[in-house]
>>> print(open('protein-v5.pdb').read())   # PDB, N, CA and C atoms
ATOM      1  N   MET A   1     -18.169  -1.178  -9.838
ATOM      2  CA  MET A   1     -18.117  -2.584  -9.569
ATOM      3  C   MET A   1     -18.769  -3.310 -10.737
ATOM      4  N   LYS A   2     -18.046  -4.243 -11.294
ATOM      5  CA  LYS A   2     -18.515  -4.934 -12.498
ATOM      6  C   LYS A   2     -18.466  -6.440 -12.277
ATOM      7  N   LEU A   3     -19.569  -6.964 -11.774
ATOM      8  CA  LEU A   3     -19.634  -8.382 -11.453
ATOM      9  C   LEU A   3     -19.322  -9.285 -12.639
ATOM     10  N   PRO A   4     -19.815  -8.997 -13.859
ATOM     11  CA  PRO A   4     -19.450  -9.860 -14.994
ATOM     12  C   PRO A   4     -17.940  -9.905 -15.248
ATOM     13  N   VAL A   5     -17.259  -8.795 -15.009
ATOM     14  CA  VAL A   5     -15.801  -8.766 -15.174
ATOM     15  C   VAL A   5     -15.147  -9.662 -14.127
ATOM     16  N   TYR A   6     -15.615  -9.564 -12.878
ATOM     17  CA  TYR A   6     -15.051 -10.400 -11.813
ATOM     18  C   TYR A   6     -15.210 -11.870 -12.154
ATOM     19  N   LYS A   7     -16.425 -12.237 -12.579
ATOM     20  CA  LYS A   7     -16.696 -13.637 -12.903
ATOM     21  C   LYS A   7     -15.787 -14.126 -14.028
ATOM     22  N   ASN A   8     -15.651 -13.316 -15.070
ATOM     23  CA  ASN A   8     -14.819 -13.705 -16.209
ATOM     24  C   ASN A   8     -13.360 -13.869 -15.797
ATOM     25  N   LEU A   9     -12.847 -12.919 -15.035
ATOM     26  CA  LEU A   9     -11.457 -13.023 -14.592
ATOM     27  C   LEU A   9     -11.258 -14.224 -13.678
ATOM     28  N   ALA A  10     -12.187 -14.424 -12.757
ATOM     29  CA  ALA A  10     -12.058 -15.544 -11.818
ATOM     30  C   ALA A  10     -12.036 -16.881 -12.556
ATOM     31  N   LYS A  11     -12.817 -16.993 -13.631
ATOM     32  CA  LYS A  11     -12.857 -18.232 -14.410
ATOM     33  C   LYS A  11     -11.636 -18.379 -15.318
ATOM     34  N   SER A  12     -11.183 -17.272 -15.894
ATOM     35  CA  SER A  12     -10.224 -17.339 -16.997
ATOM     36  C   SER A  12      -8.764 -17.131 -16.615
ATOM     37  N   ALA A  13      -8.511 -16.478 -15.495
ATOM     38  CA  ALA A  13      -7.126 -16.133 -15.155
ATOM     39  C   ALA A  13      -6.706 -16.822 -13.864
ATOM     40  N   SER A  14      -5.455 -17.215 -13.831
ATOM     41  CA  SER A  14      -4.912 -17.814 -12.607
ATOM     42  C   SER A  14      -4.616 -16.707 -11.592
ATOM     43  N   ASN A  15      -4.494 -17.096 -10.336
ATOM     44  CA  ASN A  15      -4.122 -16.119  -9.306
ATOM     45  C   ASN A  15      -2.776 -15.480  -9.626
ATOM     46  N   GLU A  16      -1.854 -16.299 -10.119
ATOM     47  CA  GLU A  16      -0.523 -15.789 -10.453
ATOM     48  C   GLU A  16      -0.608 -14.725 -11.557
ATOM     49  N   ALA A  17      -1.421 -14.977 -12.560
ATOM     50  CA  ALA A  17      -1.571 -14.010 -13.653
ATOM     51  C   ALA A  17      -2.177 -12.706 -13.138
ATOM     52  N   MET A  18      -3.171 -12.824 -12.271
ATOM     53  CA  MET A  18      -3.795 -11.610 -11.726
ATOM     54  C   MET A  18      -2.829 -10.845 -10.827
ATOM     55  N   GLU A  19      -2.045 -11.563 -10.031
ATOM     56  CA  GLU A  19      -1.053 -10.905  -9.178
ATOM     57  C   GLU A  19       0.003 -10.181 -10.016
ATOM     58  N   ASN A  20       0.446 -10.824 -11.095
ATOM     59  CA  ASN A  20       1.418 -10.185 -11.987
ATOM     60  C   ASN A  20       0.835  -8.935 -12.636
ATOM     61  N   ALA A  21      -0.418  -9.018 -13.068
ATOM     62  CA  ALA A  21      -1.073  -7.863 -13.678
ATOM     63  C   ALA A  21      -1.173  -6.719 -12.675
ATOM     64  N   LEU A  22      -1.528  -7.032 -11.437
ATOM     65  CA  LEU A  22      -1.611  -6.003 -10.401
ATOM     66  C   LEU A  22      -0.270  -5.308 -10.207
ATOM     67  N   GLU A  23       0.781  -6.105 -10.146
ATOM     68  CA  GLU A  23       2.112  -5.538  -9.938
ATOM     69  C   GLU A  23       2.476  -4.574 -11.068
ATOM     70  N   VAL A  24       2.243  -4.978 -12.294
ATOM     71  CA  VAL A  24       2.573  -4.133 -13.447
ATOM     72  C   VAL A  24       1.723  -2.855 -13.433
ATOM     73  N   LEU A  25       0.433  -2.993 -13.175
ATOM     74  CA  LEU A  25      -0.448  -1.816 -13.158
ATOM     75  C   LEU A  25      -0.057  -0.825 -12.059
ATOM     76  N   GLU A  26       0.308  -1.345 -10.894
ATOM     77  CA  GLU A  26       0.724  -0.461  -9.803
ATOM     78  C   GLU A  26       2.000   0.290 -10.151
ATOM     79  N   ILE A  27       2.956  -0.400 -10.745
ATOM     80  CA  ILE A  27       4.206   0.251 -11.151
ATOM     81  C   ILE A  27       3.922   1.303 -12.222
ATOM     82  N   TYR A  28       3.100   0.949 -13.192
ATOM     83  CA  TYR A  28       2.748   1.874 -14.267
ATOM     84  C   TYR A  28       2.065   3.120 -13.707
ATOM     85  N   ALA A  29       1.127   2.917 -12.788
ATOM     86  CA  ALA A  29       0.372   4.051 -12.231
ATOM     87  C   ALA A  29       1.264   4.985 -11.420
ATOM     88  N   ASP A  30       2.367   4.484 -10.894
ATOM     89  CA  ASP A  30       3.274   5.307 -10.096
ATOM     90  C   ASP A  30       4.160   6.218 -10.938
ATOM     91  N   SER A  31       4.156   6.039 -12.237
ATOM     92  CA  SER A  31       4.983   6.870 -13.105
ATOM     93  C   SER A  31       4.473   8.312 -13.092
ATOM     94  N   PRO A  32       5.377   9.277 -12.985
ATOM     95  CA  PRO A  32       4.953  10.680 -12.986
ATOM     96  C   PRO A  32       4.345  11.115 -14.324
ATOM     97  N   ALA A  33       4.582  10.363 -15.376
ATOM     98  CA  ALA A  33       4.053  10.725 -16.694
ATOM     99  C   ALA A  33       2.590  10.311 -16.864
ATOM    100  N   VAL A  34       2.053   9.513 -15.954
ATOM    101  CA  VAL A  34       0.675   9.044 -16.067
ATOM    102  C   VAL A  34      -0.257  10.146 -15.570
ATOM    103  N   LYS A  35      -1.255  10.469 -16.380
ATOM    104  CA  LYS A  35      -2.211  11.530 -16.049
ATOM    105  C   LYS A  35      -3.247  11.025 -15.049
ATOM    106  N   GLU A  36      -3.907  11.955 -14.400
ATOM    107  CA  GLU A  36      -4.878  11.616 -13.357
ATOM    108  C   GLU A  36      -6.017  10.750 -13.880
ATOM    109  N   ASP A  37      -6.547  11.062 -15.054
ATOM    110  CA  ASP A  37      -7.646  10.249 -15.595
ATOM    111  C   ASP A  37      -7.171   8.840 -15.934
ATOM    112  N   GLU A  38      -5.905   8.709 -16.337
ATOM    113  CA  GLU A  38      -5.340   7.378 -16.589
ATOM    114  C   GLU A  38      -5.194   6.612 -15.279
ATOM    115  N   ARG A  39      -4.784   7.325 -14.214
ATOM    116  CA  ARG A  39      -4.674   6.686 -12.897
ATOM    117  C   ARG A  39      -6.037   6.199 -12.416
ATOM    118  N   ASP A  40      -7.066   6.987 -12.674
ATOM    119  CA  ASP A  40      -8.418   6.579 -12.286
ATOM    120  C   ASP A  40      -8.826   5.290 -13.001
ATOM    121  N   ALA A  41      -8.535   5.216 -14.292
ATOM    122  CA  ALA A  41      -8.875   4.012 -15.065
ATOM    123  C   ALA A  41      -8.076   2.808 -14.561
ATOM    124  N   ILE A  42      -6.806   3.016 -14.274
ATOM    125  CA  ILE A  42      -5.966   1.937 -13.749
ATOM    126  C   ILE A  42      -6.483   1.489 -12.390
ATOM    127  N   GLY A  43      -6.898   2.437 -11.574
ATOM    128  CA  GLY A  43      -7.455   2.108 -10.265
ATOM    129  C   GLY A  43      -8.696   1.247 -10.386
ATOM    130  N   GLU A  44      -9.538   1.537 -11.363
ATOM    131  CA  GLU A  44     -10.736   0.733 -11.604
ATOM    132  C   GLU A  44     -10.356  -0.688 -12.021
ATOM    133  N   ILE A  45      -9.359  -0.807 -12.878
ATOM    134  CA  ILE A  45      -8.901  -2.132 -13.312
ATOM    135  C   ILE A  45      -8.315  -2.907 -12.132
ATOM    136  N   ILE A  46      -7.519  -2.235 -11.324
ATOM    137  CA  ILE A  46      -6.940  -2.881 -10.137
ATOM    138  C   ILE A  46      -8.053  -3.367  -9.213
ATOM    139  N   SER A  47      -9.058  -2.543  -9.020
ATOM    140  CA  SER A  47     -10.199  -2.921  -8.181
ATOM    141  C   SER A  47     -10.910  -4.149  -8.742
ATOM    142  N   ASN A  48     -11.089  -4.187 -10.047
ATOM    143  CA  ASN A  48     -11.731  -5.338 -10.687
ATOM    144  C   ASN A  48     -10.912  -6.616 -10.502
ATOM    145  N   ILE A  49      -9.612  -6.514 -10.641
ATOM    146  CA  ILE A  49      -8.750  -7.682 -10.474
ATOM    147  C   ILE A  49      -8.795  -8.171  -9.029
ATOM    148  N   CYS A  50      -8.751  -7.240  -8.079
ATOM    149  CA  CYS A  50      -8.819  -7.633  -6.671
ATOM    150  C   CYS A  50     -10.148  -8.315  -6.352
ATOM    151  N   GLY A  51     -11.242  -7.810  -6.899
ATOM    152  CA  GLY A  51     -12.543  -8.438  -6.713
ATOM    153  C   GLY A  51     -12.577  -9.838  -7.293
ATOM    154  N   ALA A  52     -11.977 -10.001  -8.464
ATOM    155  CA  ALA A  52     -11.928 -11.316  -9.104
ATOM    156  C   ALA A  52     -11.096 -12.291  -8.279
ATOM    157  N   MET A  53     -10.007 -11.810  -7.716
ATOM    158  CA  MET A  53      -9.167 -12.681  -6.887
ATOM    159  C   MET A  53      -9.935 -13.133  -5.643
ATOM    160  N   GLU A  54     -10.689 -12.228  -5.057
ATOM    161  CA  GLU A  54     -11.492 -12.584  -3.887
ATOM    162  C   GLU A  54     -12.554 -13.622  -4.254
ATOM    163  N   MET A  55     -13.266 -13.388  -5.358
ATOM    164  CA  MET A  55     -14.285 -14.348  -5.797
ATOM    165  C   MET A  55     -13.660 -15.707  -6.103
ATOM    166  N   LYS A  56     -12.526 -15.701  -6.776
ATOM    167  CA  LYS A  56     -11.843 -16.958  -7.123
ATOM    168  C   LYS A  56     -11.478 -17.723  -5.856
ATOM    169  N   SER A  57     -11.017 -17.018  -4.845
ATOM    170  CA  SER A  57     -10.661 -17.647  -3.583
ATOM    171  C   SER A  57     -11.883 -18.293  -2.930
ATOM    172  N   LEU A  58     -13.002 -17.591  -2.922
ATOM    173  CA  LEU A  58     -14.230 -18.147  -2.355
ATOM    174  C   LEU A  58     -14.656 -19.412  -3.103
ATOM    175  N   ILE A  59     -14.583 -19.356  -4.421
ATOM    176  CA  ILE A  59     -14.980 -20.499  -5.252
ATOM    177  C   ILE A  59     -14.034 -21.680  -5.017
ATOM    178  N   GLU A  60     -12.739 -21.399  -4.946
ATOM    179  CA  GLU A  60     -11.760 -22.460  -4.715
ATOM    180  C   GLU A  60     -11.928 -23.104  -3.341
ATOM    181  N   ASN A  61     -12.509 -22.358  -2.404
ATOM    182  CA  ASN A  61     -12.741 -22.893  -1.057
ATOM    183  C   ASN A  61     -14.101 -23.568  -0.932
ATOM    184  N   GLY A  62     -14.729 -23.851  -2.087
ATOM    185  CA  GLY A  62     -15.934 -24.658  -2.092
ATOM    186  C   GLY A  62     -17.253 -23.921  -2.233
ATOM    187  N   MET A  63     -17.239 -22.616  -2.302
ATOM    188  CA  MET A  63     -18.481 -21.871  -2.449
ATOM    189  C   MET A  63     -18.917 -21.893  -3.915
ATOM    190  N   ALA A  64     -20.205 -22.021  -4.158
ATOM    191  CA  ALA A  64     -20.738 -21.974  -5.520
ATOM    192  C   ALA A  64     -20.492 -20.586  -6.109
ATOM    193  N   GLU A  65     -20.318 -20.525  -7.424
ATOM    194  CA  GLU A  65     -20.011 -19.247  -8.077
ATOM    195  C   GLU A  65     -21.057 -18.180  -7.755
ATOM    196  N   ARG A  66     -22.310 -18.546  -7.846
ATOM    197  CA  ARG A  66     -23.378 -17.575  -7.573
ATOM    198  C   ARG A  66     -23.322 -17.091  -6.121
ATOM    199  N   ASP A  67     -23.106 -18.015  -5.194
ATOM    200  CA  ASP A  67     -23.005 -17.648  -3.783
ATOM    201  C   ASP A  67     -21.784 -16.772  -3.524
ATOM    202  N   ALA A  68     -20.674 -17.099  -4.184
ATOM    203  CA  ALA A  68     -19.459 -16.293  -4.035
ATOM    204  C   ALA A  68     -19.691 -14.878  -4.550
ATOM    205  N   ALA A  69     -20.370 -14.758  -5.673
ATOM    206  CA  ALA A  69     -20.674 -13.428  -6.224
ATOM    207  C   ALA A  69     -21.578 -12.651  -5.279
ATOM    208  N   ASN A  70     -22.619 -13.301  -4.773
ATOM    209  CA  ASN A  70     -23.530 -12.629  -3.843
ATOM    210  C   ASN A  70     -22.821 -12.225  -2.555
ATOM    211  N   HIS A  71     -21.994 -13.119  -2.033
ATOM    212  CA  HIS A  71     -21.246 -12.832  -0.808
ATOM    213  C   HIS A  71     -20.330 -11.619  -1.010
ATOM    214  N   PHE A  72     -19.618 -11.624  -2.113
ATOM    215  CA  PHE A  72     -18.704 -10.525  -2.399
ATOM    216  C   PHE A  72     -19.471  -9.207  -2.556
ATOM    217  N   MET A  73     -20.575  -9.244  -3.292
ATOM    218  CA  MET A  73     -21.367  -8.029  -3.503
ATOM    219  C   MET A  73     -21.908  -7.490  -2.176
ATOM    220  N   GLN A  74     -22.364  -8.365  -1.306
ATOM    221  CA  GLN A  74     -22.869  -7.935   0.000
ATOM    222  C   GLN A  74     -21.766  -7.288   0.824
ATOM    223  N   ARG A  75     -20.570  -7.854   0.773
ATOM    224  CA  ARG A  75     -19.439  -7.256   1.503
ATOM    225  C   ARG A  75     -19.138  -5.864   1.000
ATOM    226  N   VAL A  76     -19.124  -5.712  -0.327
ATOM    227  CA  VAL A  76     -18.828  -4.401  -0.909
ATOM    228  C   VAL A  76     -19.914  -3.397  -0.531
ATOM    229  N   LEU A  77     -21.169  -3.808  -0.678
ATOM    230  CA  LEU A  77     -22.269  -2.900  -0.384
ATOM    231  C   LEU A  77     -22.298  -2.523   1.092
ATOM    232  N   SER A  78     -22.004  -3.457   1.965
ATOM    233  CA  SER A  78     -22.002  -3.132   3.397
ATOM    234  C   SER A  78     -20.840  -2.211   3.757
ATOM    235  N   SER A  79     -19.722  -2.318   3.051
ATOM    236  CA  SER A  79     -18.601  -1.417   3.319
ATOM    237  C   SER A  79     -18.898   0.000   2.802
ATOM    238  N   ILE A  80     -19.712   0.099   1.769
ATOM    239  CA  ILE A  80     -20.105   1.416   1.244
ATOM    240  C   ILE A  80     -21.055   2.103   2.209
ATOM    241  N   ASP A  81     -21.946   1.327   2.827
ATOM    242  CA  ASP A  81     -22.933   1.874   3.740
ATOM    243  C   ASP A  81     -22.345   2.416   5.027
ATOM    244  N   LYS A  82     -21.136   2.003   5.375
ATOM    245  CA  LYS A  82     -20.519   2.420   6.640
ATOM    246  C   LYS A  82     -20.120   3.864   6.627
TER     247      LYS A  82
END
>>> encode(input="protein-v5.pdb", output="structure tokens")
Amino acid sequence: MKLPVYKNLAKSASNEAMENALEVLEIYADSPAVKEDERDAIGEIISNICGAMEMKSLIENGMAERDAANHFMQRVLSSIDK
């Protein structure tokens, strides 16, 4: 989990751009020619983009950036603890 990456993506990329990137990465990862370590790296990137989209949504709905980051981090940490 890379909070600085989430913040940067949430500020710099539109939802449409992130959705398009996700689609391309998912298609790429499904190729039989992609090695397992490459799939792991793609999975990490996909996770980062999804986190950024969630943070962006919170911010767009009126939450302060810092609060959105803290809220998102707490959700992730609580899901890990389960």
>>> axis_aligned_box(input="protein-v5.pdb", around="stretch 43-61 of chain A", padding_each_side="4 Å", output="AutoDock Vina command-line options")
--center_x -10.9 --center_y -10.6 --center_z -7.1 --size_x 16.1 --size_y 34.0 --size_z 20.4
>>> residues_around(input="protein-v5.pdb", residues="stretch 13-21 of chain A", least_positions_apart="3", cutoff="8 Å", atoms="all atoms listed in the file", output="PyMOL selection string")
chain A and resi 7-10+24-27+46+49-50+53
>>> select_by_dssp(input="protein-v5.pdb", residues="chain A", states="alpha helix (DSSP H)", output="PyMOL selection string")
chain A and resi 3-12+15-29+36-60+65-81
>>> atom_distance(input="protein-v5.pdb", atom1="atom C of A:Asp40", atom2="atom C of A:Ser57")
25.8 Å
>>> closest_residue(input="protein-v5.pdb", among="A:Asp37, A:Lys11, A:Ile42, A:Val5", to="A:Lys56", atoms="only N, CA and C atoms")
A:Lys11
>>> residues_around(input="protein-v5.pdb", residues="A:Arg66", least_positions_apart="5", cutoff="12 Å", atoms="only C-alpha atoms", output="PyMOL selection string")
chain A and resi 3-4+6-7+55-56+58-59+71-73
>>> atom_distance(input="protein-v5.pdb", atom1="atom N of A:Ser31", atom2="atom CA of A:Gly43")
12.4 Å
>>> atom_distance(input="protein-v5.pdb", atom1="atom C of A:Ala52", atom2="atom C of A:Asp30")
24.1 Å
>>> closest_residue(input="protein-v5.pdb", among="A:Ser47, A:Ser79, A:Gln74, A:Glu54", to="A:Lys2", atoms="all atoms listed in the file")
A:Ser47
